[in-house]
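*Asks:* Shown below is the structure under consideration.
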Amino acid sequence: VQVNTPVNEDGIWQFNGGGSVSKEIKNGKNQFTFGGGFWLTYNHNVVLVNSVKSFANNIALTPRLNTRLNLNDKFEFAETYNLGINKSSYDDPFYSDLDFLVHTSETELVLRFPKKMVWETTYKLQYNTQTIAGFNNNIQIWNAGLTFLFLKNDKAQLKFAVNDILNTNTRRSINISENYIRDISTNNLGRHGLLTLTYNIQNFGGKVGGRDTFFRF
């Protein structure tokens with residue numbers, strides 16, 4: 001039996017902060033962009049289990065690096081890497097200090113040739129060092145699509161995409177608290193195809209394909 005009673009407590013606070021920077025280099029119609037950033041969360045909280053009271057310090061730091069190469073809008077390659085650094089420490093030795101890392105990389109490739117066709121694919125890899133028996137620490141997600149452009153000014157766009165080609169799209173998250181580790185694994189739709197027809201009533205004239213463009217599927 002566990003009884004919870006809400007009380008007011010001093011010494012509880014939280015800090016959040018982050019920043020980013022990027023640099024763009026152009027040579028004619030060719031472009032190279034690179035940058036980085038970080039996000040930091042720090043919690044100072046009180047935990048109480050079986051009348052054992054302690055202050056807990058939880059730190060989550062996520063630095064990020066990203067780069068993108070664009071050659072005349074015909075070839076685009078982008079890479080992003082995030083490192084999640086998570087650490088929990090306690091003033092009372094009754095509680096065990098915990099820490100783990102989350103590595104996440106995402107690769108994107110876009111080819112806009114031959115004319116009126118756009119090939120694109122993304123590959124995401126996530127690895128978690130927090131090992132729980134029976135759970136997959138290495139998650140891979142691969143998506144790909146092909147778009148056909150037609151009508152005047154490419155107003156009509158027919159796209160066929162295959163999501164989760166490897167059929168491994170399982171979302172995983174870990175939550176560390178005072179007396180438990182909660183490991184959540186969520187199964188999604190799985191491998192599936194998607195056919196989309198888009199008609200733009202305006203003269204859009206923008207790039208097609210990639211995560212940073214107007215048309216997203």
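The way I read the labels, and the way they are meant: chains A, B, ... in the order of the structure tokens, residue 1 as the first residue of every chain, and ligand 1 as the first ligand shown, with later ones counted on from there.
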As a list in words, please: the residues near stretch 46-55 of chain A (cut-off 7 Å, only C-alpha atoms, same-chain neighbours under 3 positions excluded).

*Replies:*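 Counting only the stated atoms, we get Ile12, Tyr90, Asp91, Asp92 and Glu178 of chain A.
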
*Asks:* Dump N, CA, C and O atoms for the selected residues as a PDB file, in the first residue's frame?

*Replies:*
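Everything below was put into part_30.pdb:
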```
ATOM      1  N   ILE A  12      12.521  23.502  -4.368  1.00  0.00           N
ATOM      2  CA  ILE A  12      12.211  22.865  -5.654  1.00  0.00           C
ATOM      3  C   ILE A  12      12.288  23.922  -6.750  1.00  0.00           C
ATOM      4  O   ILE A  12      11.598  24.947  -6.684  1.00  0.00           O
ATOM      5  N   TYR A  90      21.380  11.850  -6.067  1.00  0.00           N
ATOM      6  CA  TYR A  90      20.576  12.034  -4.868  1.00  0.00           C
ATOM      7  C   TYR A  90      21.485  12.308  -3.666  1.00  0.00           C
ATOM      8  O   TYR A  90      22.591  11.774  -3.580  1.00  0.00           O
ATOM      9  N   ASP A  91      20.998  13.118  -2.746  1.00  0.00           N
ATOM     10  CA  ASP A  91      21.775  13.453  -1.558  1.00  0.00           C
ATOM     11  C   ASP A  91      21.855  12.278  -0.590  1.00  0.00           C
ATOM     12  O   ASP A  91      22.858  12.102   0.107  1.00  0.00           O
ATOM     13  N   ASP A  92      20.805  11.479  -0.503  1.00  0.00           N
ATOM     14  CA  ASP A  92      20.780  10.346   0.420  1.00  0.00           C
ATOM     15  C   ASP A  92      21.246   9.076  -0.298  1.00  0.00           C
ATOM     16  O   ASP A  92      20.763   8.762  -1.388  1.00  0.00           O
ATOM     17  N   GLU A 178      12.208   8.473  -8.523  1.00  0.00           N
ATOM     18  CA  GLU A 178      12.910   8.183  -7.277  1.00  0.00           C
ATOM     19  C   GLU A 178      13.021   6.693  -6.979  1.00  0.00           C
ATOM     20  O   GLU A 178      14.020   6.242  -6.410  1.00  0.00           O
TER      21      GLU A 178
END
```

*Asks:* Can you tell me, as JSON, numbers by chain, what residues are no more than 6 Å from stretch 105-119 of chain A when counting only C-alpha atoms, ignoring any on the same chain fewer than 6 positions away?

*Replies:* {"A": [74, 75, 76, 77, 78, 79, 80, 81, 125, 146, 147, 148, 149]}

*Asks:* Using only C-alpha atoms for the distances, tell me which of A:Gln202, A:Asn137, A:Ser20, A:Val162 is nearest to A:Ile184.

*Replies:* A:Asn137

*Asks:* Could you give me the residues within stretch 7-54 of chain A that DSSP places in strand (DSSP E or B), as a PyMOL selection string?

*Replies:* chain A and resi 13-27+30-49+52-54

*Asks:* Print the selection's residues with C-alpha atoms to a file, as a PDB file, in the first residue's frame.

*Replies:*
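Here's the written file part27.pdb:
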```pdb
ATOM      1  CA  TRP A  13      13.227  24.636  -8.837  1.00  0.00           C
ATOM      2  CA  GLN A  14      13.896  24.051 -12.530  1.00  0.00           C
ATOM      3  CA  PHE A  15      16.130  25.632 -15.166  1.00  0.00           C
ATOM      4  CA  ASN A  16      15.767  25.376 -18.957  1.00  0.00           C
ATOM      5  CA  GLY A  17      18.016  26.956 -21.560  1.00  0.00           C
ATOM      6  CA  GLY A  18      19.436  26.474 -25.008  1.00  0.00           C
ATOM      7  CA  GLY A  19      20.961  28.082 -28.059  1.00  0.00           C
ATOM      8  CA  SER A  20      22.048  27.456 -31.620  1.00  0.00           C
ATOM      9  CA  VAL A  21      24.354  28.856 -34.297  1.00  0.00           C
ATOM     10  CA  SER A  22      24.708  28.188 -38.031  1.00  0.00           C
ATOM     11  CA  LYS A  23      26.922  29.241 -40.940  1.00  0.00           C
ATOM     12  CA  GLU A  24      26.038  29.256 -44.633  1.00  0.00           C
ATOM     13  CA  ILE A  25      28.595  29.170 -47.466  1.00  0.00           C
ATOM     14  CA  LYS A  26      27.462  29.847 -51.047  1.00  0.00           C
ATOM     15  CA  ASN A  27      29.206  29.397 -54.375  1.00  0.00           C
ATOM     16  CA  ASN A  30      25.790  25.567 -54.580  1.00  0.00           C
ATOM     17  CA  GLN A  31      25.345  25.892 -50.847  1.00  0.00           C
ATOM     18  CA  PHE A  32      26.873  24.345 -47.733  1.00  0.00           C
ATOM     19  CA  THR A  33      25.365  24.901 -44.290  1.00  0.00           C
ATOM     20  CA  PHE A  34      26.613  23.694 -40.930  1.00  0.00           C
ATOM     21  CA  GLY A  35      25.701  24.493 -37.374  1.00  0.00           C
ATOM     22  CA  GLY A  36      25.027  23.258 -33.899  1.00  0.00           C
ATOM     23  CA  GLY A  37      23.199  23.921 -30.700  1.00  0.00           C
ATOM     24  CA  PHE A  38      22.184  22.531 -27.339  1.00  0.00           C
ATOM     25  CA  TRP A  39      19.294  22.255 -24.919  1.00  0.00           C
ATOM     26  CA  LEU A  40      19.737  21.987 -21.140  1.00  0.00           C
ATOM     27  CA  THR A  41      17.242  21.075 -18.409  1.00  0.00           C
ATOM     28  CA  TYR A  42      18.129  20.973 -14.705  1.00  0.00           C
ATOM     29  CA  ASN A  43      15.691  19.951 -11.968  1.00  0.00           C
ATOM     30  CA  HIS A  44      16.224  20.198  -8.202  1.00  0.00           C
ATOM     31  CA  ASN A  45      13.429  18.270  -6.537  1.00  0.00           C
ATOM     32  CA  VAL A  46      12.451  16.392  -3.386  1.00  0.00           C
ATOM     33  CA  VAL A  47      11.823  12.636  -3.338  1.00  0.00           C
ATOM     34  CA  LEU A  48      10.242  10.655  -0.519  1.00  0.00           C
ATOM     35  CA  VAL A  49       9.989   6.847  -0.477  1.00  0.00           C
ATOM     36  CA  VAL A  52      13.344   8.342   3.293  1.00  0.00           C
ATOM     37  CA  LYS A  53      13.585  11.927   2.107  1.00  0.00           C
ATOM     38  CA  SER A  54      16.247  13.280  -0.227  1.00  0.00           C
TER      39      SER A  54
END
```

*Asks:* Separation of atom CA of A:Gly28 and atom CA of A:Lys152, in Å?

*Replies:* 27.0 Å

*Asks:* Which residue out of A:Tyr123, A:Lys155, A:Lys29, A:Phe150 has the minimum interatomic distance to A:Leu71 when only C-alpha atoms are used?

*Replies:*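 The shortest atom-to-atom distance to A:Leu71 comes from A:Lys29.
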
*Asks:* In terms of the shortest atom-to-atom distance over only C-alpha atoms, which of A:Gly84, A:Gly145, A:Pro63, A:Pro6 is closest to A:Gly209?

*Replies:*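 Smallest distance to A:Gly209 is found for A:Gly145.
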